[in-house]
Amino acid sequence: MAQFEDQSTTVYKIDPEHPESETLPTLRTEELLLNMGPQHPSTHGVLKVILELEGERLVKSTPVMGFLHRGVEKLAEEGTYHQFIPHTDRLDYVCAMYNNFAYCRAVEKLMNITVPDRAEYLRTIVAEIQRIIGHQFWLGTQALDIGAMTVFFYCFRDREILLDWFDELCGARLTTSWYRIGGVERDFTPSLFAKLKQFLDYFPPKIDEYVIFLEKNRIWLARTKGVAVISAEDALSFGLSGPTLRGSGVDFDLRKYEPYSAYPKCEFSVPVGKNGDTYDRYWIRVQELYESVKIIRQCLEQIQDGPIMADVPSVTLPPKERVFTNLESMIQQFKLFSQGFNAPPGEIYCGTEAHKGELGFYIVSTGGGKPYRLKIRAPSFIHMGAFDHMSKGYMISDAVTIFGTYDIVMGECDR
Amino acid sequence: MSQLAQRIEDTFPGACTKVVEWRGDLAVTVKPETLHDVAKFLRDDPALRFDYIVHVSSVDWPDDEDRFEVVYEVYSIRTRQRIRLKTRVPESDCIVDSLTDVWKGADFMEREVYDMMGIRFRNHPDLRRILMPDEYDEGYPLRKDFPLRGKGWRDTFEFLDEPTR
């Protein structure tokens, strides 16, 4: 930044090499530093970004993170594997189910447990519902941030139905903790099945409704098309994942390429964008809503009766009703929560395709009931690493669009 | 030994100190001075093309001579495989070559490793704390000798539930 001796009045400068410019004075310019956040409605939590501006163009942006840092990785080292499940809810608090899922899958990989079929289907259904909720939340808030308010109300109206459904399923709307290592906490009731089927008929026309609001909205188009463009090569190099990566034309979805749970038994396509801009990422997310509905429908058709928890007494929890009636089960439950199970020494990484991107858990075990080291690969955090690169040269108002395009949640970013 | 590990060993003789394949994950430990070359090779070799960085992590082993372990996990979109690249450094000289020029995403992830474990990275463009406050000086929270409750810095703040009068 240029420094001038007389800060108050010197706005004209004579260029010594071109004396003729004496009559055409040059205007003094300097870059402006602007703090955005941490208390700003469209930073989706407590994120601060220091923007360096040249006029209204972004020259450099430095994200300042950690306002929501709670030391989750350190806490994980102090508790047993089962005890960590509720902590994962608080990572990405918008989509708790997916965090539970990713964590349970990682521990199952560590313990080499196979989950029964029915549980896999239940898990897939709930994970896809969570994906719908996540994308609805994203669409609503992104549209609200960049000037289309109505979509927000429509998205939240439908999101509410699913949150109530979660409430009936596990007693909580956001911090669900429904997944368990080796299975799920409880089965769906007939009422839940009925409500879900009803929702699947209700929902696809509503997605068309969201699209109607946006596809011809000039403000939406002007503010998303060609904004925050990133090439496929750069996106990979930055470690972007999920819709943010697929928007750049990279066909990478762990549900397809490292299939898990009931996904290999379902048919679905992975929408891939072309231009790598905010509009393509929006389009991908909307298409994924349709795909999720498709996946849930197939799961509901294929699901069979069976156990919902793997039968590995040294690791998995006994059914709740047995805990209250059977002495051995109560001891099993008590021991699993207080001492944990004996994990084999070794290390694994297990990535899961959450709606934001690849949510992974890297667990190092030295044996015993507690993880020696647990590292969370949080997509929000990694996406923020590309913020400076993606925002360079855009207008200051686009900064808001770029936060939004990652679908950032600070609970996960700061951990 | 898997094909991939063999390939690294052939290209960089003596670089791999340990190769582990467990639960389908391949982890290759290399000497810290060869880390950067191996990473570049993994990214640029036309048959491998590990172009997607998954995460950078660190593990503290206080009883070992080489106390810190830095872990890079990368994925190849072309061949659809993962590899975990690790290196070990002693506490007295805990500095590793930064891989920011190989994978751009390593920038923030390495900053997090520095913030949490105190491992420094050579040639890193902006090695500052990222999650903890800049002025934080109690050490590195994820080290094993750091207590869970912290070292007292937290108590210097006033909390709302404390009587203020």
# chains A, B, ... in the order shown; residues from 1 in each chain; ligands from 1

call {"tool": "residues_around", "arguments": {"residues": "region 408-414 of chain A", "least_positions_apart": "3", "cutoff": "8 Å", "atoms": "only C-alpha atoms", "output": "PDB file with C-alpha atoms, in the first residue's frame"}}
result
ATOM      1  CA  HIS A  44     -22.627 -18.504   7.915  1.00  0.00           C
ATOM      2  CA  GLY A  45     -21.205 -18.433  11.392  1.00  0.00           C
ATOM      3  CA  VAL A  46     -18.187 -16.786  12.853  1.00  0.00           C
ATOM      4  CA  LEU A  47     -15.775 -16.410  10.005  1.00  0.00           C
ATOM      5  CA  MET A  65     -10.735 -18.923  11.210  1.00  0.00           C
ATOM      6  CA  GLY A  66     -10.889 -20.658  14.528  1.00  0.00           C
ATOM      7  CA  PHE A  67     -13.579 -18.640  16.308  1.00  0.00           C
ATOM      8  CA  LEU A  68     -15.521 -21.846  16.842  1.00  0.00           C
ATOM      9  CA  HIS A  69     -12.564 -24.077  17.611  1.00  0.00           C
ATOM     10  CA  ARG A  70     -13.506 -26.477  20.378  1.00  0.00           C
ATOM     11  CA  ARG A  90     -21.594 -30.768  16.504  1.00  0.00           C
ATOM     12  CA  LEU A  91     -19.163 -30.689  13.617  1.00  0.00           C
ATOM     13  CA  ASP A  92     -21.480 -29.921  10.759  1.00  0.00           C
ATOM     14  CA  TYR A  93     -24.530 -29.100  12.818  1.00  0.00           C
ATOM     15  CA  VAL A  94     -26.708 -28.659   9.757  1.00  0.00           C
ATOM     16  CA  LYS A 356     -20.566 -30.803   1.202  1.00  0.00           C
ATOM     17  CA  ALA A 378     -13.577 -31.426   7.091  1.00  0.00           C
ATOM     18  CA  PRO A 379     -14.608 -30.286   3.601  1.00  0.00           C
ATOM     19  CA  SER A 380     -15.510 -26.770   4.782  1.00  0.00           C
ATOM     20  CA  PHE A 381     -12.017 -26.185   6.111  1.00  0.00           C
ATOM     21  CA  ILE A 382     -10.345 -27.407   2.969  1.00  0.00           C
ATOM     22  CA  PHE A 403     -18.699 -18.358   0.861  1.00  0.00           C
ATOM     23  CA  GLY A 404     -22.059 -19.691  -0.087  1.00  0.00           C
ATOM     24  CA  THR A 405     -20.893 -21.767  -2.988  1.00  0.00           C
TER      25      THR A 405
ATOM     26  CA  LEU B 131      -7.372 -22.234  14.332  1.00  0.00           C
TER      27      LEU B 131
END

call {"tool": "interface_residues", "arguments": {"of": "chain B", "to": "chain A", "cutoff": "8 Å", "atoms": "only C-alpha atoms", "output": "list in words"}}
result
Trp22, Arg23, Asp25, Asp51, Tyr52, Ile53, Val54, His55, Ser57, Val59, Ile77, Arg80, Val102, Trp103, Lys104, Gly105, Ala106, Asp107, Phe108, Met109, Ile130, Leu131, Met132, Pro133, Pro141, Leu142 and Leu148 of chain B

call {"tool": "select_by_dssp", "arguments": {"residues": "region 1-82 of chain B", "states": "alpha helix (DSSP H)", "output": "list of chain:residue names"}}
result
B:Gln3, B:Leu4, B:Ala5, B:Gln6, B:Arg7, B:Ile8, B:Glu9, B:Asp10, B:Thr11, B:Leu35, B:His36, B:Asp37, B:Val38, B:Ala39, B:Lys40, B:Phe41, B:Leu42, B:Arg43, B:Asp44

call {"tool": "select_by_dssp", "arguments": {"residues": "region 265-409 of chain A", "states": "strand (DSSP E or B)", "output": "PyMOL selection string"}}
result
chain A and resi 309+346-353+358-365+373-377+395

call {"tool": "write_last_selection", "arguments": {"atoms": "N, CA and C atoms", "output": "short mmCIF file (atom, residue, chain, number, x, y, z; two decimals), in the first residue's frame"}}
result
data_model
loop_
_atom_site.label_atom_id
_atom_site.label_comp_id
_atom_site.auth_asym_id
_atom_site.auth_seq_id
_atom_site.Cartn_x
_atom_site.Cartn_y
_atom_site.Cartn_z
N MET A 309 -28.41 -54.24 13.77
CA MET A 309 -27.13 -54.03 14.44
C MET A 309 -26.28 -55.26 14.23
N GLY A 346 -3.26 -49.94 14.63
CA GLY A 346 -3.21 -49.71 13.18
C GLY A 346 -3.80 -48.36 12.87
N GLU A 347 -3.89 -48.03 11.62
CA GLU A 347 -4.46 -46.74 11.25
C GLU A 347 -5.26 -46.88 9.97
N ILE A 348 -6.35 -46.16 9.91
CA ILE A 348 -7.19 -46.22 8.72
C ILE A 348 -7.64 -44.81 8.37
N TYR A 349 -7.98 -44.64 7.11
CA TYR A 349 -8.68 -43.43 6.69
C TYR A 349 -9.92 -43.87 5.96
N CYS A 350 -11.03 -43.26 6.28
CA CYS A 350 -12.27 -43.64 5.63
C CYS A 350 -13.02 -42.38 5.23
N GLY A 351 -13.21 -42.20 3.95
CA GLY A 351 -13.90 -41.01 3.45
C GLY A 351 -15.32 -41.35 3.06
N THR A 352 -16.22 -40.41 3.32
CA THR A 352 -17.63 -40.61 3.01
C THR A 352 -18.11 -39.39 2.25
N GLU A 353 -18.94 -39.60 1.26
CA GLU A 353 -19.42 -38.48 0.46
C GLU A 353 -20.57 -37.79 1.17
N GLU A 358 -16.07 -34.55 0.62
CA GLU A 358 -15.56 -35.76 1.24
C GLU A 358 -15.30 -35.51 2.72
N LEU A 359 -16.11 -36.14 3.55
CA LEU A 359 -15.92 -36.04 5.00
C LEU A 359 -15.19 -37.29 5.43
N GLY A 360 -13.99 -37.13 5.93
CA GLY A 360 -13.19 -38.31 6.23
C GLY A 360 -12.73 -38.33 7.67
N PHE A 361 -12.49 -39.51 8.16
CA PHE A 361 -11.92 -39.67 9.50
C PHE A 361 -10.65 -40.50 9.37
N TYR A 362 -9.58 -39.96 9.93
CA TYR A 362 -8.31 -40.69 9.95
C TYR A 362 -8.08 -41.09 11.40
N ILE A 363 -8.08 -42.38 11.67
CA ILE A 363 -7.99 -42.84 13.05
C ILE A 363 -6.71 -43.65 13.21
N VAL A 364 -5.93 -43.27 14.23
CA VAL A 364 -4.75 -44.05 14.58
C VAL A 364 -5.05 -44.72 15.91
N SER A 365 -4.88 -46.02 15.94
CA SER A 365 -5.15 -46.75 17.17
C SER A 365 -3.88 -47.45 17.60
N ARG A 373 -5.20 -41.10 17.96
CA ARG A 373 -5.28 -39.83 17.24
C ARG A 373 -6.45 -39.93 16.30
N LEU A 374 -7.23 -38.87 16.27
CA LEU A 374 -8.37 -38.85 15.35
C LEU A 374 -8.35 -37.54 14.62
N LYS A 375 -8.26 -37.64 13.31
CA LYS A 375 -8.20 -36.41 12.51
C LYS A 375 -9.44 -36.36 11.63
N ILE A 376 -10.06 -35.21 11.60
CA ILE A 376 -11.27 -35.06 10.80
C ILE A 376 -10.90 -34.31 9.53
N ARG A 377 -11.23 -34.89 8.40
CA ARG A 377 -11.03 -34.20 7.14
C ARG A 377 -12.32 -33.46 6.85
N MET A 395 -15.91 -8.94 -7.71
CA MET A 395 -16.37 -7.77 -6.98
C MET A 395 -16.55 -8.11 -5.50
#
